[in-house]
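The data block below is model.txt; it holds compact mmCIF, C-alpha atoms.
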# COMPACT_ATOMS: atom_id res chain seq x y z
CA MET L 1 17.51 -5.93 -11.36
CA THR L 2 15.24 -7.78 -8.99
CA ALA L 3 13.20 -9.47 -11.73
CA SER L 4 15.55 -12.30 -12.61
CA PRO L 5 15.00 -13.99 -15.98
CA HIS L 6 15.00 -17.35 -14.19
CA HIS L 7 12.02 -16.65 -12.02
CA ALA L 8 9.79 -18.92 -14.10
CA SER L 9 12.12 -21.91 -13.65
CA SER L 10 12.60 -21.17 -9.93
CA SER L 11 8.91 -20.50 -9.39
CA PRO L 12 8.07 -21.40 -5.80
CA SER L 13 6.08 -24.46 -4.88
CA PRO L 14 2.61 -23.83 -3.42
CA THR L 15 4.00 -24.49 0.06
CA SER L 16 6.72 -21.80 -0.10
CA PRO L 17 6.65 -18.03 0.21
CA THR L 18 3.08 -16.99 -0.53
CA ALA L 19 1.65 -19.89 1.46
CA HIS L 20 4.08 -19.13 4.28
CA LEU L 21 3.05 -15.49 4.38
CA SER L 22 -0.69 -16.12 4.07
CA PRO L 23 -1.78 -19.11 6.11
CA THR L 24 -5.39 -18.61 4.96
CA ALA L 25 -4.53 -18.80 1.25
CA PRO L 26 -5.50 -22.10 -0.39
CA ALA L 27 -2.35 -24.09 -1.10
CA GLY L 28 -3.53 -25.81 -4.28
CA PRO L 29 -2.26 -25.69 -7.85
CA ASP L 30 -5.57 -24.07 -8.93
CA PRO L 31 -4.45 -21.05 -11.00
CA ALA L 32 -7.39 -18.95 -9.78
CA ALA L 33 -6.41 -19.55 -6.15
CA SER L 34 -2.73 -18.76 -6.69
CA ALA L 35 -3.62 -15.65 -8.68
CA ALA L 36 -5.98 -14.54 -5.90
CA SER L 37 -3.59 -15.07 -2.99
CA PRO L 38 -1.17 -12.18 -3.70
CA ALA L 39 -4.15 -9.87 -4.19
CA ALA L 40 -5.87 -11.16 -1.03
CA LEU L 41 -2.74 -10.41 0.98
CA SER L 42 -2.57 -6.66 0.60
CA PRO L 43 0.83 -4.91 0.57
CA VAL L 44 0.31 -3.43 4.04
CA LEU L 45 -0.46 -6.77 5.69
CA SER L 46 2.32 -8.49 3.77
CA LEU L 47 4.74 -5.80 5.01
CA LEU L 48 3.47 -6.27 8.58
CA GLY L 49 4.12 -10.01 8.35
CA ARG L 50 7.61 -9.38 6.98
CA GLY L 51 8.29 -6.81 9.68
CA LEU L 52 7.23 -9.22 12.43
CA ALA L 53 9.42 -12.00 11.04
CA ALA L 54 12.42 -9.72 10.49
CA GLY L 55 12.08 -7.93 13.83
CA GLY L 56 11.55 -11.15 15.78
CA LEU L 57 14.60 -12.79 14.21
CA GLY L 58 16.67 -9.63 14.66
CA GLY L 59 15.69 -9.46 18.33
CA LEU L 60 16.44 -13.15 18.78
CA ALA L 61 19.89 -12.75 17.18
CA ALA L 62 20.68 -9.72 19.35
CA GLY L 63 19.33 -11.53 22.44
CA LEU L 64 21.39 -14.69 21.93
CA PHE L 65 24.49 -12.65 21.04
CA SER L 66 24.23 -10.60 24.23
CA LEU L 67 23.28 -13.64 26.32
CA LEU L 68 26.62 -15.15 25.34
CA LEU L 69 28.82 -12.05 25.40
CA ALA L 70 27.21 -9.30 27.48
CA GLU L 71 25.69 -11.30 30.35
CA PRO L 72 29.09 -12.22 31.86
CA LEU L 73 29.84 -8.48 31.95
CA MET L 74 26.47 -7.67 33.54
CA ASP L 75 26.98 -10.36 36.17
CA ARG L 76 30.41 -8.87 36.92
CA ALA L 77 28.91 -5.38 37.13
CA ILE L 78 26.24 -6.59 39.58
CA ARG L 79 28.85 -8.30 41.77
CA ALA L 80 30.88 -5.09 41.76
CA GLU L 81 27.74 -3.13 42.66
CA GLU L 82 27.05 -5.48 45.56
CA ALA L 83 30.62 -5.10 46.79
CA ARG L 84 30.35 -1.31 46.51
CA SER L 85 27.12 -1.09 48.46
CA GLN L 86 28.38 -3.62 51.03
CA ALA L 87 31.27 -1.24 51.68
CA HIS L 88 28.87 1.67 52.04
CA ALA L 89 26.15 -0.35 53.76
CA HIS L 90 26.67 1.32 57.10
CA ASP L 91 26.41 4.90 55.92
CA ASP L 92 24.13 4.36 52.91
CA ALA L 93 21.10 2.25 53.66
CA ALA L 94 19.39 3.26 50.41
CA ALA L 95 22.08 1.65 48.27
CA ALA L 96 21.79 -1.59 50.20
CA ASN L 97 18.05 -1.47 49.71
CA ALA L 98 18.51 -1.02 45.98
CA VAL L 99 20.64 -4.15 45.80
CA GLN L 100 18.15 -6.23 47.74
CA HIS L 101 15.46 -4.91 45.43
CA HIS L 102 17.53 -6.29 42.52
CA GLU L 103 17.74 -9.74 44.01
CA GLU L 104 14.26 -10.12 45.41
CA LEU L 105 11.97 -10.66 42.44
CA PHE L 106 13.94 -12.81 40.02
CA SER L 107 17.12 -14.84 40.10
CA ARG L 108 19.94 -13.84 37.79
CA SER L 109 19.28 -16.84 35.56
CA THR L 110 15.66 -15.76 35.13
CA GLN L 111 16.91 -12.30 34.23
CA HIS L 112 19.26 -13.89 31.68
CA ALA L 113 16.22 -15.47 30.02
CA GLY L 114 14.40 -12.17 30.42
CA LEU L 115 17.10 -10.50 28.33
CA VAL L 116 16.36 -12.73 25.34
CA VAL L 117 12.57 -12.46 25.81
CA ALA L 118 12.76 -8.67 26.15
CA LEU L 119 14.82 -8.29 22.99
CA VAL L 120 12.55 -10.63 20.99
CA VAL L 121 9.44 -8.70 22.13
CA ALA L 122 11.18 -5.41 21.38
CA GLY L 123 12.25 -6.78 17.98
CA LEU L 124 8.68 -7.80 17.10
CA ALA L 125 7.37 -4.37 18.13
CA ILE L 126 10.14 -2.56 16.22
CA GLY L 127 9.37 -4.77 13.22
CA VAL L 128 5.71 -3.69 13.27
CA LEU L 129 6.60 0.00 13.57
CA CYS L 130 9.19 -0.28 10.80
CA ALA L 131 6.78 -2.14 8.50
CA VAL L 132 4.15 0.59 8.90
CA ALA L 133 6.74 3.36 8.46
CA TYR L 134 8.08 1.55 5.37
CA ALA L 135 4.55 1.23 4.00
CA LEU L 136 4.00 4.97 4.50
CA VAL L 137 7.35 5.99 3.00
CA HIS L 138 6.88 3.71 -0.03
CA ARG L 139 3.07 3.92 -0.23
CA ARG L 140 3.08 4.62 -3.97
CA ASP L 141 4.80 1.35 -4.81
CA PRO L 142 5.26 -0.77 -1.68
CA ARG L 143 6.38 -3.89 -3.58
CA ALA L 144 9.19 -2.40 -5.67
CA ALA L 145 12.95 -2.78 -5.04
CA PRO L 146 12.60 -4.56 -1.69
CA TRP L 147 16.29 -5.32 -1.14
CA PRO L 148 17.96 -1.90 -1.60
CA ARG L 149 15.03 -0.21 0.15
CA ALA L 150 15.23 -2.59 3.12
CA LEU L 151 18.95 -1.84 3.46
CA ALA L 152 18.47 1.94 3.22
CA PHE L 153 15.48 1.92 5.58
CA SER L 154 17.25 -0.25 8.17
CA ALA L 155 20.37 1.90 8.03
CA ALA L 156 18.28 5.02 8.65
CA ALA L 157 16.37 3.30 11.47
CA PHE L 158 19.65 2.17 13.04
CA LEU L 159 20.91 5.76 13.07
CA ALA L 160 17.58 7.11 14.39
CA VAL L 161 16.78 4.72 17.22
CA SER L 162 20.11 3.03 17.98
CA LEU L 163 23.29 4.92 17.13
CA PHE L 164 22.24 8.55 17.74
CA PRO L 165 20.55 7.94 21.13
CA ALA L 166 23.46 5.65 22.09
CA LEU L 167 26.03 8.36 21.28
CA ARG L 168 24.15 10.90 23.41
CA TYR L 169 23.18 8.54 26.25
CA PRO L 170 25.54 5.53 26.10
CA ALA L 171 24.28 2.30 27.64
CA ASN L 172 25.30 1.67 31.25
CA PRO L 173 25.72 -1.72 32.91
CA PRO L 174 23.61 -2.73 35.92
CA GLY L 175 24.66 -0.87 39.03
CA VAL L 176 24.54 2.47 37.25
CA GLY L 177 21.28 4.35 37.50
CA ASP L 178 19.66 6.15 40.39
CA SER L 179 15.99 5.21 40.82
CA GLY L 180 15.37 8.82 41.84
CA THR L 181 16.36 10.14 38.39
CA VAL L 182 14.86 7.36 36.26
CA GLY L 183 11.85 9.46 35.21
CA ASP L 184 14.08 12.31 33.97
CA ARG L 185 16.43 9.91 32.23
CA GLN L 186 13.52 8.18 30.49
CA ALA L 187 12.20 11.53 29.26
CA MET L 188 15.66 12.44 27.94
CA TRP L 189 16.18 9.06 26.27
CA LEU L 190 12.72 9.16 24.70
CA ALA L 191 13.39 12.70 23.46
CA ALA L 192 16.65 11.49 21.88
CA VAL L 193 14.84 8.64 20.08
CA VAL L 194 12.04 10.95 18.90
CA ILE L 195 14.56 13.54 17.64
CA GLY L 196 16.44 10.72 15.90
CA VAL L 197 13.31 9.42 14.16
CA LEU L 198 11.99 12.87 13.15
CA GLY L 199 15.51 13.81 12.08
CA MET L 200 15.75 10.79 9.80
CA PHE L 201 12.43 11.73 8.19
CA LEU L 202 13.94 15.18 7.61
CA VAL L 203 17.05 13.59 6.06
CA TRP L 204 14.83 11.52 3.78
CA GLN L 205 12.80 14.61 2.79
CA VAL L 206 15.99 16.55 2.00
CA TYR L 207 17.18 13.67 -0.19
CA VAL L 208 13.80 13.35 -1.97
CA ARG L 209 13.28 17.08 -2.52
CA LEU L 210 16.72 17.54 -4.05
CA ALA L 211 15.89 14.90 -6.69
CA VAL L 212 16.81 17.22 -9.59
CA ARG L 213 20.25 18.00 -8.15
CA PRO L 214 23.33 15.88 -8.88
CA GLN L 215 23.88 12.83 -6.67
CA PRO L 216 26.85 14.29 -4.68
CA VAL L 217 24.79 17.38 -3.76
CA ARG L 218 21.85 15.24 -2.57
CA GLN L 219 24.06 12.90 -0.57
CA LEU L 220 26.11 15.67 1.03
CA ALA L 221 22.94 17.59 1.93
CA ALA L 222 21.40 14.45 3.47
CA ALA L 223 24.61 13.67 5.40
CA GLY L 224 24.84 17.27 6.61
CA THR L 225 21.25 17.09 7.85
CA ALA L 226 22.03 13.86 9.71
CA VAL L 227 25.03 15.49 11.40
CA ALA L 228 22.87 18.48 12.37
CA VAL L 229 20.30 16.11 13.92
CA LEU L 230 23.05 14.39 15.87
CA ALA L 231 24.38 17.74 17.10
CA LEU L 232 20.85 18.75 18.13
CA LEU L 233 20.86 15.87 20.63
CA TRP L 234 23.41 17.79 22.71
CA THR L 235 20.80 20.43 23.48
CA LEU L 236 19.29 17.77 25.76
CA PRO L 237 20.54 17.71 29.35
CA ASP L 238 23.36 15.36 30.32
CA ASN L 239 22.72 12.07 32.11
CA PRO L 240 22.82 13.18 35.77
CA ASP L 241 23.93 9.83 37.23
CA PRO L 242 27.50 9.05 38.29
CA VAL L 243 29.08 6.02 36.59
CA PRO L 244 31.13 4.29 39.30
CA VAL L 245 32.18 1.42 37.04
CA ASP L 246 35.58 0.09 36.00
CA ALA L 247 36.45 1.86 32.73
CA SER L 248 37.33 -1.27 30.75
CA LEU L 249 34.13 -3.02 31.82
CA LEU L 250 32.15 0.10 30.86
CA TRP L 251 33.82 0.30 27.43
CA ASP L 252 33.29 -3.42 26.74
CA PHE L 253 29.65 -3.21 27.80
CA ARG L 254 28.98 -0.19 25.59
CA VAL L 255 30.69 -1.78 22.59
CA LEU L 256 28.67 -4.99 23.08
CA SER L 257 25.48 -2.97 23.50
CA LEU L 258 26.12 -1.18 20.22
CA ALA L 259 27.13 -4.46 18.56
CA SER L 260 23.81 -6.05 19.53
CA HIS L 261 21.99 -3.04 18.05
CA VAL L 262 23.98 -3.46 14.83
CA LEU L 263 23.16 -7.18 14.78
CA LEU L 264 19.45 -6.52 15.30
CA TRP L 265 19.30 -4.09 12.38
CA ALA L 266 21.52 -6.20 10.10
CA VAL L 267 19.33 -9.27 10.60
CA PHE L 268 16.22 -7.11 10.26
CA ALA L 269 17.44 -5.66 6.95
CA ALA L 270 18.43 -9.03 5.51
CA VAL L 271 15.19 -10.83 6.49
CA PHE L 272 12.90 -7.92 5.58
CA GLY L 273 14.58 -7.43 2.20
CA GLY L 274 14.89 -11.15 1.53
CA LEU L 275 11.21 -11.83 2.26
CA GLY L 276 10.34 -8.85 0.06
CA LEU L 277 12.30 -10.39 -2.82
CA ARG L 278 10.56 -13.74 -2.30
CA ALA L 279 7.12 -12.10 -2.25
CA LEU L 280 8.01 -10.20 -5.43
CA ARG L 281 9.13 -13.40 -7.17
CA GLY L 282 6.11 -15.34 -5.90
CA GLY L 283 3.76 -12.60 -7.11
CA ALA L 284 5.39 -12.44 -10.55
CA ALA L 285 5.25 -16.23 -10.93
CA ALA L 286 1.59 -16.30 -9.89
CA ARG L 287 0.71 -13.53 -12.35
CA GLU L 288 2.34 -15.45 -15.20
CA GLY L 289 0.39 -18.56 -14.21
CA MET Y 1 -17.75 -26.99 -18.53
CA SER Y 2 -19.40 -23.63 -18.13
CA ALA Y 3 -19.09 -23.83 -14.33
CA ALA Y 4 -15.29 -23.59 -14.32
CA PRO Y 5 -14.93 -20.21 -16.06
CA ALA Y 6 -17.76 -18.81 -13.92
CA HIS Y 7 -15.95 -20.07 -10.81
CA THR Y 8 -12.71 -18.40 -11.93
CA ALA Y 9 -14.50 -15.16 -12.75
CA SER Y 10 -16.17 -15.01 -9.32
CA HIS Y 11 -12.76 -15.62 -7.75
CA THR Y 12 -11.12 -12.71 -9.60
CA ASP Y 13 -14.16 -10.53 -8.88
CA THR Y 14 -13.93 -11.06 -5.13
CA ALA Y 15 -10.16 -10.59 -5.30
CA ALA Y 16 -10.62 -7.31 -7.14
CA ILE Y 17 -13.29 -6.14 -4.70
CA ARG Y 18 -11.14 -7.15 -1.78
CA SER Y 19 -8.04 -5.36 -3.08
CA ALA Y 20 -10.17 -2.27 -3.70
CA THR Y 21 -11.83 -2.23 -0.28
CA LEU Y 22 -9.02 -3.59 1.89
CA GLY Y 23 -7.21 -0.25 1.87
CA THR Y 24 -9.02 1.33 4.81
CA ARG Y 25 -9.27 -1.91 6.77
CA ASP Y 26 -5.55 -2.48 6.22
CA TRP Y 27 -4.60 0.88 7.62
CA LEU Y 28 -6.92 0.34 10.60
CA LEU Y 29 -5.23 -3.01 11.25
CA ALA Y 30 -1.86 -1.31 10.86
CA ALA Y 31 -2.89 1.38 13.36
CA GLY Y 32 -3.99 -1.34 15.82
CA ALA Y 33 -0.67 -3.13 15.34
CA VAL Y 34 1.21 0.13 15.96
CA ILE Y 35 -0.67 0.70 19.23
CA LEU Y 36 0.08 -2.87 20.38
CA ALA Y 37 3.73 -2.41 19.41
CA LEU Y 38 3.99 0.83 21.40
CA ILE Y 39 2.43 -0.85 24.46
CA ALA Y 40 4.93 -3.71 24.11
CA LEU Y 41 7.85 -1.29 23.85
CA TYR Y 42 6.58 0.64 26.87
CA ALA Y 43 6.29 -2.59 28.87
CA VAL Y 44 9.82 -3.67 27.97
CA PHE Y 45 11.71 -0.39 28.09
CA MET Y 46 9.76 2.17 30.12
CA ASP Y 47 7.71 0.44 32.80
CA ASN Y 48 8.71 1.13 36.38
CA GLY Y 49 5.94 -0.80 38.03
CA SER Y 50 3.07 1.36 36.86
CA LEU Y 51 1.79 -0.25 33.63
CA VAL Y 52 -0.70 -2.53 35.40
CA SER Y 53 -0.80 -2.38 39.17
CA ALA Y 54 -0.79 -6.18 39.41
CA THR Y 55 2.51 -6.46 37.56
CA GLY Y 56 4.34 -4.37 40.15
CA ASP Y 57 8.07 -4.37 39.46
CA TYR Y 58 7.94 -7.79 37.78
CA LEU Y 59 7.97 -6.49 34.20
CA HIS Y 60 10.78 -4.09 35.01
CA GLU Y 61 12.88 -6.74 36.75
CA PHE Y 62 12.25 -9.43 34.13
CA ALA Y 63 13.30 -7.10 31.30
CA HIS Y 64 16.07 -5.61 33.49
CA ASP Y 65 19.07 -6.93 31.56
CA GLY Y 66 17.46 -6.20 28.20
CA ARG Y 67 16.89 -2.60 29.25
CA HIS Y 68 20.50 -2.13 30.31
CA LEU Y 69 21.78 -3.76 27.15
CA PHE Y 70 19.52 -1.76 24.84
CA GLY Y 71 20.53 1.47 26.56
CA ALA Y 72 17.10 2.16 28.06
CA PRO Y 73 17.22 3.97 31.41
CA CYS Y 74 16.98 1.67 34.42
CA HIS Y 75 17.20 2.19 38.13
Go through the file and emit its structure as structure tokens.
Amino acid sequence: MTASPHHASSSPSPTSPTAHLSPTAPAGPDPAASAASPAALSPVLSLLGRGLAAGGLGGLAAGLFSLLLAEPLMDRAIRAEEARSQAHAHDDAAAANAVQHHEELFSRSTQHAGLVVALVVAGLAIGVLCAVAYALVHRRDPRAAPWPRALAFSAAAFLAVSLFPALRYPANPPGVGDSGTVGDRQAMWLAAVVIGVLGMFLVWQVYVRLAVRPQPVRQLAAAGTAVAVLALLWTLPDNPDPVPVDASLLWDFRVLSLASHVLLWAVFAAVFGGLGLRALRGGAAAREG
Amino acid sequence: MSAAPAHTASHTDTAAIRSATLGTRDWLLAAGAVILALIALYAVFMDNGSLVSATGDYLHEFAHDGRHLFGAPCH
């Protein structure tokens, strides 16, 4: 399916995929060099490179998307927060302090840039973790079927680290969040992500171990396990903070937050799978000489 | 031209040796990359001014909007 019969005619030039993925590989037409380069770049390192590229691009896409669409909402939320604490300034000095604390270190425009930088850094880190997890899951044959595996892996990762934690602890705009409870909230959020990731490994194990059963049984069992993992998240305590935000702003912010997660994972899946296909084609062409 | 085949053979030899021995080194590199990635994620999503004392609240405030958008807890 992935080995197209045209791969010989569309064999990459020495400057494309293998050279791109291995800057140290000699970029000459010497058959010995081109045969050595896929072997020199081991599957694990090749996956790490793909994960970095896919995660960085996914983070960049999510960052630019939210810079355009979510930042106006966050600016509105911060203005509303300032107005709220101005009204309470006389009887609540702590809230006024919190607002000043917001404004002191960086301007809003620097924080806008920080949004994109933070999501790119997070994307790169997520790409590394996903590449290593992918290499472990597919350690017997890390090169095979890169496209469908990238889609399945990214979908599972989206559920584990994005959708499930977001359903339990939905994102809140600036102005929500008590600095006194941030430690508890971080522990709860981290627990939700860890349960999501371990739960997805369980789902995968259920699917793998039922290999002899018919497809509907395997898929229903895997889906049932995923639902059980999601339900398990409600054993964690609720977010203790009040959410004094306009309901339509809150809804829009949460939808945009989830949309940027979806965008990150969609771009990650497409780039990771696409680079896997290119590496597969490059490797096959090099082996044939 | 007896040098050319010898050259090719030495190339494939080193490639074979490398692919046989890279396994452990690869996983060590992967483990190092995982540790760096976890530190980066901590810095972006978890730091409240305690990662490095010199950074104070700067990391937290710079990544502030990203944290809110990603759903990470923030003050």
Kindly extract all protein, DNA and RNA residues lying within 12 Å of the coordinates (21.5, -13.7, 37.3) given in the file, considering only C-alpha atoms, and supply them as number ranges by chain. L: 67, 71-79, 102-115, 174; Y: 61-62, 64-65
Write down, as an MDAnalysis selection string, each residue of chain L that has any atom within 6 Å of an atom of chain Y, counting all atoms listed in the file. chainID L and resid 32 36 111 114:115 118 122 125 129 171 173 177:179 182 186 257
Store the residues of this selection in a file with C-alpha atoms, as a short mmCIF file (atom, residue, chain, number, x, y, z; two decimals), keeping the file's coordinate frame.
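This went into out.cif:
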data_model
loop_
_atom_site.label_atom_id
_atom_site.label_comp_id
_atom_site.auth_asym_id
_atom_site.auth_seq_id
_atom_site.Cartn_x
_atom_site.Cartn_y
_atom_site.Cartn_z
CA ALA L 32 -7.39 -18.95 -9.78
CA ALA L 36 -5.98 -14.54 -5.90
CA GLN L 111 16.91 -12.30 34.23
CA GLY L 114 14.40 -12.17 30.42
CA LEU L 115 17.10 -10.50 28.33
CA ALA L 118 12.76 -8.67 26.15
CA ALA L 122 11.18 -5.41 21.38
CA ALA L 125 7.37 -4.37 18.13
CA LEU L 129 6.60 0.00 13.57
CA ALA L 171 24.28 2.30 27.64
CA PRO L 173 25.72 -1.72 32.91
CA GLY L 177 21.28 4.35 37.50
CA ASP L 178 19.66 6.15 40.39
CA SER L 179 15.99 5.21 40.82
CA VAL L 182 14.86 7.36 36.26
CA GLN L 186 13.52 8.18 30.49
CA SER L 257 25.48 -2.97 23.50
#
What separation in Å, quoted to one decimal, exists between atom CA of Gly59 of chain L and atom CA of Asp184 of chain L? 26.9 Å
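Take atom CA of Arg50 of chain L and atom CA of Ala270 of chain L: the distance between them is 10.9 Å.
Nearest-residue note for Arg139 of chain L: choosing from L:Pro43, L:Val193, L:Asp238, L:Ala279, the minimum distance belongs to L:Pro43, counting all atoms listed in the file.
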To one decimal place in Å, what is the distance between atom CA of Gly56 of chain L and atom CA of Pro146 of chain L? 18.7 Å
Reconstruct N, CA and C atoms of segment 212-232 of chain L from the incomplete input and present them as a tab-separated table (two decimals), in the frame of the given file.
chain	number	residue	atom	x	y	z
L	212	VAL	N	16.30	16.72	-8.31
L	212	VAL	CA	16.81	17.22	-9.59
L	212	VAL	C	18.30	17.55	-9.51
L	213	ARG	N	18.83	17.65	-8.29
L	213	ARG	CA	20.25	18.00	-8.15
L	213	ARG	C	21.13	16.78	-8.41
L	214	PRO	N	22.42	17.03	-8.69
L	214	PRO	CA	23.33	15.88	-8.88
L	214	PRO	C	23.46	15.05	-7.60
L	215	GLN	N	23.79	13.78	-7.79
L	215	GLN	CA	23.88	12.83	-6.67
L	215	GLN	C	24.78	13.33	-5.53
L	216	PRO	N	26.00	13.86	-5.81
L	216	PRO	CA	26.85	14.29	-4.68
L	216	PRO	C	26.18	15.39	-3.85
L	217	VAL	N	25.46	16.31	-4.49
L	217	VAL	CA	24.79	17.38	-3.76
L	217	VAL	C	23.72	16.78	-2.84
L	218	ARG	N	22.92	15.86	-3.38
L	218	ARG	CA	21.85	15.24	-2.57
L	218	ARG	C	22.44	14.51	-1.38
L	219	GLN	N	23.51	13.72	-1.65
L	219	GLN	CA	24.06	12.90	-0.57
L	219	GLN	C	24.74	13.75	0.49
L	220	LEU	N	25.45	14.80	0.05
L	220	LEU	CA	26.11	15.67	1.03
L	220	LEU	C	25.06	16.43	1.85
L	221	ALA	N	23.99	16.88	1.20
L	221	ALA	CA	22.94	17.59	1.93
L	221	ALA	C	22.28	16.66	2.95
L	222	ALA	N	22.01	15.41	2.55
L	222	ALA	CA	21.40	14.45	3.47
L	222	ALA	C	22.34	14.15	4.64
L	223	ALA	N	23.64	13.96	4.33
L	223	ALA	CA	24.61	13.67	5.40
L	223	ALA	C	24.74	14.85	6.34
L	224	GLY	N	24.76	16.07	5.77
L	224	GLY	CA	24.84	17.27	6.61
L	224	GLY	C	23.63	17.39	7.53
L	225	THR	N	22.45	17.06	7.01
L	225	THR	CA	21.25	17.09	7.85
L	225	THR	C	21.36	16.08	8.98
L	226	ALA	N	21.88	14.88	8.67
L	226	ALA	CA	22.03	13.86	9.71
L	226	ALA	C	22.98	14.33	10.80
L	227	VAL	N	24.08	14.99	10.40
L	227	VAL	CA	25.03	15.49	11.40
L	227	VAL	C	24.37	16.57	12.25
L	228	ALA	N	23.56	17.43	11.62
L	228	ALA	CA	22.87	18.48	12.37
L	228	ALA	C	21.91	17.86	13.39
L	229	VAL	N	21.22	16.79	12.99
L	229	VAL	CA	20.30	16.11	13.92
L	229	VAL	C	21.08	15.54	15.10
L	230	LEU	N	22.23	14.94	14.79
L	230	LEU	CA	23.05	14.39	15.87
L	230	LEU	C	23.49	15.50	16.82
L	231	ALA	N	23.93	16.63	16.26
L	231	ALA	CA	24.38	17.74	17.10
L	231	ALA	C	23.23	18.27	17.96
L	232	LEU	N	22.02	18.26	17.40
L	232	LEU	CA	20.85	18.75	18.13
L	232	LEU	C	20.64	17.97	19.43
